[in-house]
$ cat work.txt   # compact mmCIF, C-alpha atoms
# COMPACT_ATOMS: atom_id res chain seq x y z
CA MET A 726 165.02 -129.26 -78.36
CA ASP A 727 165.45 -126.22 -76.10
CA ARG A 728 162.97 -123.86 -77.78
CA THR A 729 164.25 -120.70 -76.08
CA ALA A 730 167.92 -121.34 -76.88
CA THR A 731 167.08 -122.25 -80.47
CA PHE A 732 165.05 -119.09 -80.97
CA GLU A 733 167.69 -116.84 -79.42
CA ALA A 734 170.32 -118.33 -81.71
CA HIS A 735 168.27 -117.23 -84.72
CA ARG A 736 166.96 -113.93 -83.32
CA PRO A 737 169.68 -111.72 -84.92
CA ARG A 738 168.95 -113.09 -88.41
CA LEU A 739 165.19 -112.70 -87.90
CA THR A 740 165.61 -109.12 -86.66
CA ARG A 741 167.81 -108.21 -89.63
CA LEU A 742 165.20 -109.62 -92.02
CA ALA A 743 162.31 -107.88 -90.25
CA TYR A 744 164.09 -104.50 -90.20
CA ARG A 745 164.73 -104.63 -93.93
CA MET A 746 161.13 -105.64 -94.54
CA LEU A 747 159.56 -102.98 -92.30
CA GLY A 748 162.11 -100.14 -92.13
CA SER A 749 161.49 -99.79 -88.40
CA VAL A 750 163.56 -101.01 -85.47
CA ALA A 751 160.52 -101.07 -83.16
CA GLU A 752 158.25 -102.87 -85.65
CA ALA A 753 161.00 -105.38 -86.45
CA GLU A 754 161.36 -106.21 -82.76
CA ASP A 755 157.57 -106.56 -82.46
CA ALA A 756 157.41 -108.89 -85.47
CA VAL A 757 160.20 -111.07 -84.08
CA GLN A 758 158.42 -111.18 -80.72
CA ASP A 759 155.25 -112.33 -82.51
CA ALA A 760 157.35 -115.03 -84.20
CA TRP A 761 158.56 -116.12 -80.76
CA LEU A 762 154.98 -116.45 -79.52
CA ARG A 763 154.13 -118.66 -82.49
CA TRP A 764 157.33 -120.65 -82.05
CA SER A 765 156.80 -121.25 -78.34
CA GLY A 766 153.21 -122.36 -78.97
CA ALA A 767 153.95 -124.66 -81.91
CA GLY A 768 153.14 -128.20 -80.83
CA GLU A 769 154.79 -130.15 -83.61
CA ASP A 770 158.35 -131.45 -83.70
CA ILE A 771 160.06 -129.00 -86.08
CA ALA A 772 162.75 -130.57 -88.24
CA ASP A 773 164.09 -127.28 -89.66
CA PRO A 774 163.84 -124.59 -86.93
CA GLU A 775 165.61 -121.89 -88.95
CA GLY A 776 163.38 -122.39 -91.98
CA TRP A 777 160.27 -122.42 -89.77
CA LEU A 778 161.28 -119.17 -88.05
CA VAL A 779 162.20 -117.41 -91.30
CA ARG A 780 158.85 -118.41 -92.79
CA ALA A 781 156.93 -117.22 -89.73
CA THR A 782 158.79 -113.88 -89.55
CA SER A 783 158.44 -113.23 -93.29
CA ARG A 784 154.69 -113.85 -93.22
CA LEU A 785 154.24 -111.66 -90.14
CA CYS A 786 156.13 -108.83 -91.84
CA ILE A 787 154.05 -109.15 -95.01
CA ASP A 788 150.89 -108.94 -92.89
CA ARG A 789 152.22 -105.82 -91.15
CA LEU A 790 153.12 -104.17 -94.47
CA ARG A 791 149.67 -104.82 -95.87
CA ALA A 792 148.00 -103.50 -92.72
CA ALA A 793 150.20 -100.38 -92.80
CA LYS A 794 149.47 -99.53 -96.45
CA VAL A 795 146.81 -96.92 -95.69
CA ARG A 796 148.87 -95.42 -92.89
CA ARG A 797 151.94 -95.13 -95.13
CA GLU A 798 149.89 -93.50 -97.93
CA ALA A 799 148.56 -90.89 -95.47
CA TYR A 800 152.03 -90.16 -94.02
CA ARG A 801 152.68 -86.43 -93.89
CA GLY A 802 155.75 -85.53 -95.91
CA PRO A 803 158.55 -87.84 -97.05
CA TRP A 804 158.99 -91.19 -95.27
CA LEU A 805 162.41 -92.36 -94.11
CA PRO A 806 163.23 -95.63 -92.36
CA GLU A 807 163.68 -95.56 -88.62
CA PRO A 808 167.42 -94.91 -88.20
CA LEU A 809 169.59 -97.91 -87.42
CA ILE A 810 172.19 -96.56 -85.00
CA GLU A 811 175.63 -98.05 -84.31
CA GLU A 812 178.64 -96.62 -82.54
CA LEU A 813 181.39 -95.56 -84.93
CA THR A 814 183.95 -97.44 -82.88
CA ALA A 815 182.04 -100.74 -83.04
CA ASP A 816 182.41 -103.26 -85.83
CA PRO A 817 179.40 -102.93 -88.19
CA VAL A 818 176.70 -105.50 -87.46
CA GLU A 819 175.14 -105.05 -90.90
CA ARG A 820 176.61 -104.80 -94.38
CA ALA A 821 176.28 -101.11 -95.17
CA GLU A 822 174.86 -101.58 -98.67
CA ASP A 823 172.06 -103.81 -97.34
CA VAL A 824 170.72 -101.30 -94.80
CA SER A 825 171.55 -98.05 -96.58
CA ILE A 826 168.75 -95.50 -96.64
CA ALA A 827 168.79 -95.38 -100.44
CA PHE A 828 168.34 -99.17 -100.55
CA LEU A 829 165.51 -99.19 -97.99
CA LEU A 830 163.74 -96.39 -99.87
CA ALA A 831 163.98 -98.47 -103.04
CA LEU A 832 162.42 -101.42 -101.19
CA GLU A 833 159.48 -99.15 -100.32
CA ARG A 834 158.55 -99.13 -104.03
CA LEU A 835 158.03 -102.90 -103.98
CA SER A 836 154.90 -104.80 -103.05
CA PRO A 837 155.16 -106.79 -99.78
CA LEU A 838 155.61 -110.05 -101.73
CA GLU A 839 158.26 -108.57 -104.05
CA ARG A 840 160.12 -107.22 -101.05
CA ALA A 841 160.05 -110.57 -99.25
CA VAL A 842 161.23 -112.49 -102.32
CA PHE A 843 164.05 -110.05 -103.06
CA LEU A 844 165.31 -109.97 -99.48
CA LEU A 845 165.08 -113.71 -98.88
CA HIS A 846 166.76 -114.66 -102.16
CA ASP A 847 169.12 -111.80 -103.04
CA VAL A 848 170.11 -110.61 -99.56
CA PHE A 849 169.71 -113.68 -97.31
CA ASP A 850 170.70 -116.25 -99.96
CA GLU A 851 167.64 -118.49 -99.68
CA ASP A 852 167.13 -120.64 -102.78
CA TYR A 853 163.98 -120.18 -104.87
CA ALA A 854 162.44 -123.43 -103.65
CA SER A 855 162.73 -122.30 -100.01
CA VAL A 856 161.35 -118.85 -100.81
CA ALA A 857 158.41 -120.42 -102.65
CA GLU A 858 157.65 -122.61 -99.64
CA THR A 859 157.91 -119.64 -97.28
CA LEU A 860 155.48 -117.52 -99.27
CA GLY A 861 153.14 -120.27 -100.47
CA ARG A 862 153.80 -119.49 -104.13
CA SER A 863 155.10 -121.52 -107.03
CA GLU A 864 158.80 -121.37 -107.81
CA ALA A 865 158.02 -119.84 -111.21
CA ALA A 866 155.97 -117.07 -109.58
CA VAL A 867 158.77 -116.38 -107.09
CA ARG A 868 161.33 -116.07 -109.89
CA GLN A 869 159.06 -113.57 -111.64
CA LEU A 870 158.62 -111.55 -108.45
CA ALA A 871 162.39 -111.50 -107.92
CA SER A 872 163.04 -110.29 -111.46
CA ARG A 873 160.49 -107.49 -111.06
CA ALA A 874 161.95 -106.46 -107.71
CA ARG A 875 165.51 -106.32 -109.07
CA SER A 876 164.45 -103.95 -111.84
CA HIS A 877 163.14 -101.53 -109.17
CA VAL A 878 166.14 -101.63 -106.85
CA LYS A 879 168.87 -101.79 -109.48
CA ASP A 880 171.95 -99.73 -108.55
CA THR A 881 170.52 -98.56 -105.22
CA ARG A 882 172.92 -100.56 -103.03
CA PRO A 883 175.85 -98.15 -102.75
CA ARG A 884 179.48 -99.12 -102.93
CA PHE A 885 181.36 -97.16 -100.29
CA SER A 886 184.52 -96.12 -102.12
CA VAL A 887 184.99 -93.03 -99.92
CA SER A 888 186.73 -93.56 -96.58
CA GLN A 889 184.81 -93.02 -93.36
CA GLU A 890 187.34 -90.35 -92.40
CA GLU A 891 186.60 -88.40 -95.59
CA VAL A 892 182.83 -88.75 -95.17
CA SER A 893 183.21 -87.58 -91.57
CA ARG A 894 185.11 -84.52 -92.76
CA LEU A 895 182.47 -83.70 -95.39
CA ALA A 896 179.61 -84.20 -92.94
CA MET A 897 181.04 -82.02 -90.20
CA ALA A 898 181.92 -79.33 -92.75
CA PHE A 899 178.31 -79.47 -93.95
CA MET A 900 176.96 -79.10 -90.42
CA ALA A 901 179.21 -76.10 -89.78
CA ALA A 902 178.34 -74.43 -93.10
CA ALA A 903 174.59 -75.07 -92.68
CA SER A 904 174.67 -73.71 -89.14
CA ASN A 905 176.46 -70.55 -90.31
CA GLY A 906 174.47 -70.12 -93.52
CA ASP A 907 177.67 -70.37 -95.57
CA VAL A 908 176.19 -70.94 -99.03
CA ALA A 909 179.55 -70.90 -100.82
CA ALA A 910 180.89 -73.69 -98.60
CA LEU A 911 177.67 -75.72 -98.98
CA ASN A 912 177.89 -75.36 -102.75
CA GLU A 913 181.35 -76.94 -102.68
CA LEU A 914 180.29 -79.80 -100.42
CA LEU A 915 177.15 -80.92 -102.29
CA ALA A 916 177.11 -83.03 -105.46
CA GLU A 917 175.18 -81.55 -108.36
CA ASP A 918 172.55 -84.31 -108.07
CA ALA A 919 172.43 -84.21 -104.26
CA VAL A 920 169.19 -85.22 -102.54
CA MET A 921 168.01 -84.05 -99.13
CA ILE A 922 165.06 -85.73 -97.38
CA THR A 923 163.67 -84.62 -94.03
CA ASP A 924 161.12 -86.76 -92.17
CA GLY A 925 159.08 -84.99 -89.52
CA GLY A 926 156.01 -87.20 -89.84
CA GLY A 927 153.76 -84.16 -89.46
CA LYS A 928 154.87 -83.85 -85.84
CA ARG A 929 157.92 -81.61 -86.21
CA LYS A 930 158.99 -79.11 -88.84
CA ALA A 931 160.38 -80.69 -91.99
CA SER A 932 160.20 -80.19 -95.74
CA LEU A 933 157.05 -81.75 -97.18
CA ARG A 934 158.85 -82.98 -100.30
CA PRO A 935 162.28 -84.40 -101.15
CA LEU A 936 164.77 -81.77 -102.28
CA ILE A 937 166.31 -82.85 -105.57
CA GLY A 938 169.52 -81.33 -106.87
CA ARG A 939 172.11 -79.02 -105.30
CA GLU A 940 170.23 -75.81 -106.10
CA ASP A 941 167.03 -77.10 -104.51
CA VAL A 942 168.90 -78.09 -101.33
CA LEU A 943 170.68 -74.73 -101.18
CA ARG A 944 167.41 -72.82 -101.48
CA LEU A 945 166.00 -74.65 -98.47
CA LEU A 946 169.13 -74.10 -96.40
CA GLN A 947 169.19 -70.41 -97.33
CA GLY A 948 165.55 -70.13 -96.33
CA LEU A 949 166.28 -71.72 -92.97
CA ALA A 950 169.21 -69.39 -92.42
CA TRP A 951 166.94 -66.38 -93.00
CA ARG A 952 164.31 -67.64 -90.56
CA GLU A 953 166.58 -69.01 -87.84
CA ALA A 954 169.78 -67.61 -86.43
CA GLU A 955 171.50 -71.03 -86.37
CA PRO A 956 169.25 -73.58 -88.10
CA TYR A 957 171.59 -76.55 -87.60
CA ALA A 958 173.08 -75.55 -84.27
CA ALA A 959 172.77 -78.24 -81.61
CA LEU A 960 173.01 -78.38 -77.85
CA GLU A 961 174.74 -81.73 -78.34
CA LEU A 962 176.13 -83.45 -81.42
CA LYS A 963 177.19 -87.09 -81.36
CA PRO A 964 178.84 -88.77 -84.37
CA VAL A 965 177.45 -92.27 -85.02
CA ARG A 966 176.92 -94.75 -87.84
CA ILE A 967 173.38 -94.52 -89.27
CA ASN A 968 172.31 -97.27 -91.68
CA GLY A 969 175.93 -97.78 -92.64
CA TYR A 970 176.52 -94.08 -93.32
CA PHE A 971 178.45 -91.63 -91.18
CA GLY A 972 175.86 -89.59 -89.29
CA VAL A 973 175.15 -87.48 -86.25
CA ILE A 974 172.57 -87.38 -83.49
CA LEU A 975 171.54 -83.80 -82.83
CA VAL A 976 169.95 -82.68 -79.60
CA ARG A 977 168.20 -79.34 -80.01
CA GLU A 978 165.82 -77.36 -77.86
CA ASP A 979 162.87 -78.75 -79.83
CA GLY A 980 164.05 -82.36 -79.50
CA PRO A 981 166.51 -84.83 -81.05
CA ALA A 982 167.11 -85.57 -84.71
CA THR A 983 169.41 -87.79 -86.73
CA VAL A 984 171.25 -86.81 -89.92
CA ALA A 985 172.87 -89.41 -92.17
CA PHE A 986 175.28 -88.48 -94.95
CA GLU A 987 175.68 -90.49 -98.16
CA PRO A 988 178.89 -89.81 -100.10
CA GLY A 989 178.93 -89.63 -103.87
CA PRO A 990 181.58 -91.02 -106.21
CA ASP A 991 182.94 -87.51 -106.78
CA GLY A 992 183.98 -86.98 -103.16
CA LYS A 993 180.98 -84.79 -102.39
CA LEU A 994 177.77 -85.39 -100.47
CA LYS A 995 175.12 -87.16 -102.54
CA GLY A 996 172.42 -87.71 -99.92
CA ILE A 997 171.43 -86.05 -96.65
CA TYR A 998 168.71 -87.79 -94.65
CA MET A 999 167.26 -86.17 -91.53
CA VAL A 1000 164.75 -87.87 -89.23
CA ARG A 1001 162.87 -85.55 -86.85
CA ASN A 1002 159.71 -87.60 -86.29
CA PRO A 1003 159.77 -88.35 -82.54
CA ASP A 1004 157.98 -91.68 -83.13
CA LYS A 1005 161.12 -92.92 -84.92
CA LEU A 1006 163.65 -91.70 -82.36
CA GLY A 1007 162.58 -93.43 -79.15
CA HIS A 1008 165.39 -95.98 -79.46
CA LEU A 1009 168.23 -93.43 -79.64
CA PRO A 1010 171.10 -94.21 -77.28
CA ALA A 1011 171.18 -92.07 -74.14

$ encode --input "work.txt" --output "structure tokens"
Amino acid sequence: MDRTATFEAHRPRLTRLAYRMLGSVAEAEDAVQDAWLRWSGAGEDIADPEGWLVRATSRLCIDRLRAAKVRREAYRGPWLPEPLIEELTADPVERAEDVSIAFLLALERLSPLERAVFLLHDVFDEDYASVAETLGRSEAAVRQLASRARSHVKDTRPRFSVSQEEVSRLAMAFMAAASNGDVAALNELLAEDAVMITDGGGKRKASLRPLIGREDVLRLLQGLAWREAEPYAALELKPVRINGYFGVILVREDGPATVAFEPGPDGKLKGIYMVRNPDKLGHLPA
């Protein structure tokens, strides 16, 4: 068995699993690299390489989640996953509903074990017996963990009924209205239950709480317009796909940011997710 070729054949699946577990491109790559080190050092003849690698990666991710618990609890302001960037012109690598920001935020409410069970069974189609073996739990316990996880993430995997062209139009209209402080236009673009989350990680300016509802979002944007001449103006603006959503990379004088736009069923914007934490933006395309 060519260990390197076998590992590389499974690397994309392992990376997809690790990203969903950890919500970080960099941490996912580190976890997969750790799995490679274990794989390359394993002395035994492995009958099921894929199962072995999935088990190793899952356990490494659970360990990382447990170790990061204190750090996550002390995080300054709202936490968003590290943005998963794809070119708009490229075919999507991931199913949008399985990497959407709303879905990953719902996974954050799960324990590490619940998250692993849900992802392995419901997203990656592993049977309960395989999941139980991976996690060292009984099949009955795994079924219970899966049921609990589903109740937390119910209805958070969006169904994209709005065309990308329409979402692009809404997003660019939002950017223009926010930059100009056009409250009337923003009011028309935002759904009544719109949510806006900005993640600065305590390192760049961002709201320290999620903004819930159209009026709450508008108050923040009005406040920014009063304090800054052009709060959403950018030196450069590049449309991209961010976690399955239409989004933009902004380059401003104080550094880059990403903004992802989630459409609602009413043809308005339901979610706006901005990442400004520089620790989460090191992988942005040049």

$ atom_distance --input "work.txt" --atom1 "CA of Glu819 in chain A" --atom2 "CA of Val965 in chain A"
14.3 Å

$ closest_residue --input "work.txt" --among "A:Leu915, A:Met900, A:Ile810, A:Val818" --to "Leu962 in chain A" --atoms "all atoms listed in the file"
A:Met900

$ closest_residue --input "work.txt" --among "A:Ala815, A:Ala902, A:Leu946, A:Met746" --to "Leu838 in chain A" --atoms "only C-alpha atoms"
A:Met746

$ atom_distance --input "work.txt" --atom1 "CA of Asp788 in chain A" --atom2 "CA of Leu747 in chain A"
10.5 Å

$ residues_around --input "work.txt" --residues "range 922-933 of chain A" --least-positions-apart "3" --cutoff "6 Å" --atoms "all atoms listed in the file" --output "PyMOL selection string"
chain A and resi 801-804+998-1002

$ residues_around --input "work.txt" --residues "Phe849 in chain A" --least-positions-apart "4" --cutoff "10 Å" --atoms "only C-alpha atoms" --output "VMD selection string"
chain A and resid 738 741 to 742 842 to 845

$ residues_around --input "work.txt" --residues "Arg728 in chain A" --least-positions-apart "2" --cutoff "12 Å" --atoms "all atoms listed in the file" --output "list of chain:residue names"
A:Met726, A:Ala730, A:Thr731, A:Phe732, A:Glu733, A:Ala734, A:His735, A:Trp761, A:Leu762, A:Arg763, A:Trp764, A:Ser765, A:Gly766, A:Ala767, A:Gly768, A:Glu769, A:Asp770, A:Ile771, A:Pro774, A:Glu775, A:Leu778

$ closest_residue --input "work.txt" --among "A:Gly996, A:Gly969, A:Pro806, A:Pro737" --to "Ala751 in chain A" --atoms "all atoms listed in the file"
A:Pro806

$ residues_near_point --input "work.txt" --point "(185.8, -95.8, -92.0)" --cutoff "12 Å" --atoms "all atoms listed in the file" --output "PyMOL selection string"
chain A and resi 812-817+821+885-894+965-966+969-971

$ atom_distance --input "work.txt" --atom1 "CA of Ile787 in chain A" --atom2 "CA of Ile826 in chain A"
20.1 Å

$ closest_residue --input "work.txt" --among "A:Lys993, A:Arg944, A:Lys879, A:Lys1005" --to "Ala831 in chain A" --atoms "only C-alpha atoms"
A:Lys879

$ closest_residue --input "work.txt" --among "A:Gly776, A:Gly906, A:Pro837, A:Gly938" --to "Met921 in chain A" --atoms "all atoms listed in the file"
A:Gly938

$ closest_residue --input "work.txt" --among "A:Ala896, A:Ile997, A:Ala871, A:Leu739" --to "Asp918 in chain A" --atoms "all atoms listed in the file"
A:Ile997

$ decode --input "work.txt" --residues "range 888-903 of chain A" --atoms "N, CA, C and O atoms" --output "CSV table (one decimal), in the first residue's frame"
chain,number,residue,atom,x,y,z
A,888,SER,N,-31.9,32.9,-6.6
A,888,SER,CA,-30.8,32.8,-7.5
A,888,SER,C,-29.6,33.6,-7.1
A,888,SER,O,-29.7,34.6,-6.4
A,889,GLN,N,-28.4,33.1,-7.5
A,889,GLN,CA,-27.2,33.8,-7.1
A,889,GLN,C,-27.2,35.2,-7.7
A,889,GLN,O,-26.6,36.1,-7.1
A,890,GLU,N,-27.8,35.3,-8.9
A,890,GLU,CA,-27.8,36.7,-9.5
A,890,GLU,C,-28.6,37.6,-8.7
A,890,GLU,O,-28.2,38.8,-8.5
A,891,GLU,N,-29.7,37.2,-8.1
A,891,GLU,CA,-30.6,38.0,-7.3
A,891,GLU,C,-29.9,38.3,-5.9
A,891,GLU,O,-29.9,39.5,-5.4
A,892,VAL,N,-29.2,37.3,-5.3
A,892,VAL,CA,-28.5,37.6,-4.1
A,892,VAL,C,-27.4,38.6,-4.4
A,892,VAL,O,-27.1,39.5,-3.5
A,893,SER,N,-26.7,38.4,-5.5
A,893,SER,CA,-25.6,39.4,-5.8
A,893,SER,C,-26.2,40.8,-5.9
A,893,SER,O,-25.6,41.8,-5.4
A,894,ARG,N,-27.3,40.9,-6.6
A,894,ARG,CA,-28.0,42.3,-6.7
A,894,ARG,C,-28.3,42.8,-5.3
A,894,ARG,O,-28.0,44.0,-5.0
A,895,LEU,N,-28.9,42.0,-4.4
A,895,LEU,CA,-29.2,42.5,-3.1
A,895,LEU,C,-28.0,42.9,-2.3
A,895,LEU,O,-28.0,43.9,-1.6
A,896,ALA,N,-26.9,42.1,-2.4
A,896,ALA,CA,-25.7,42.3,-1.7
A,896,ALA,C,-25.0,43.6,-2.1
A,896,ALA,O,-24.6,44.4,-1.3
A,897,MET,N,-24.9,43.8,-3.4
A,897,MET,CA,-24.2,45.0,-3.9
A,897,MET,C,-25.1,46.3,-3.6
A,897,MET,O,-24.5,47.3,-3.3
A,898,ALA,N,-26.4,46.1,-3.6
A,898,ALA,CA,-27.3,47.2,-3.2
A,898,ALA,C,-27.1,47.6,-1.8
A,898,ALA,O,-27.1,48.7,-1.4
A,899,PHE,N,-26.9,46.5,-0.9
A,899,PHE,CA,-26.7,46.7,0.5
A,899,PHE,C,-25.4,47.5,0.7
A,899,PHE,O,-25.3,48.4,1.5
A,900,MET,N,-24.3,47.0,0.0
A,900,MET,CA,-23.0,47.7,0.2
A,900,MET,C,-23.1,49.2,-0.2
A,900,MET,O,-22.5,50.0,0.5
A,901,ALA,N,-23.8,49.4,-1.3
A,901,ALA,CA,-23.9,50.8,-1.7
A,901,ALA,C,-24.7,51.7,-0.7
A,901,ALA,O,-24.3,52.8,-0.4
A,902,ALA,N,-25.8,51.1,-0.3
A,902,ALA,CA,-26.7,51.9,0.7
A,902,ALA,C,-26.0,52.1,2.0
A,902,ALA,O,-26.1,53.1,2.6
A,903,ALA,N,-25.3,51.0,2.5
A,903,ALA,CA,-24.6,51.1,3.8
A,903,ALA,C,-23.4,52.2,3.7
A,903,ALA,O,-23.2,53.0,4.6
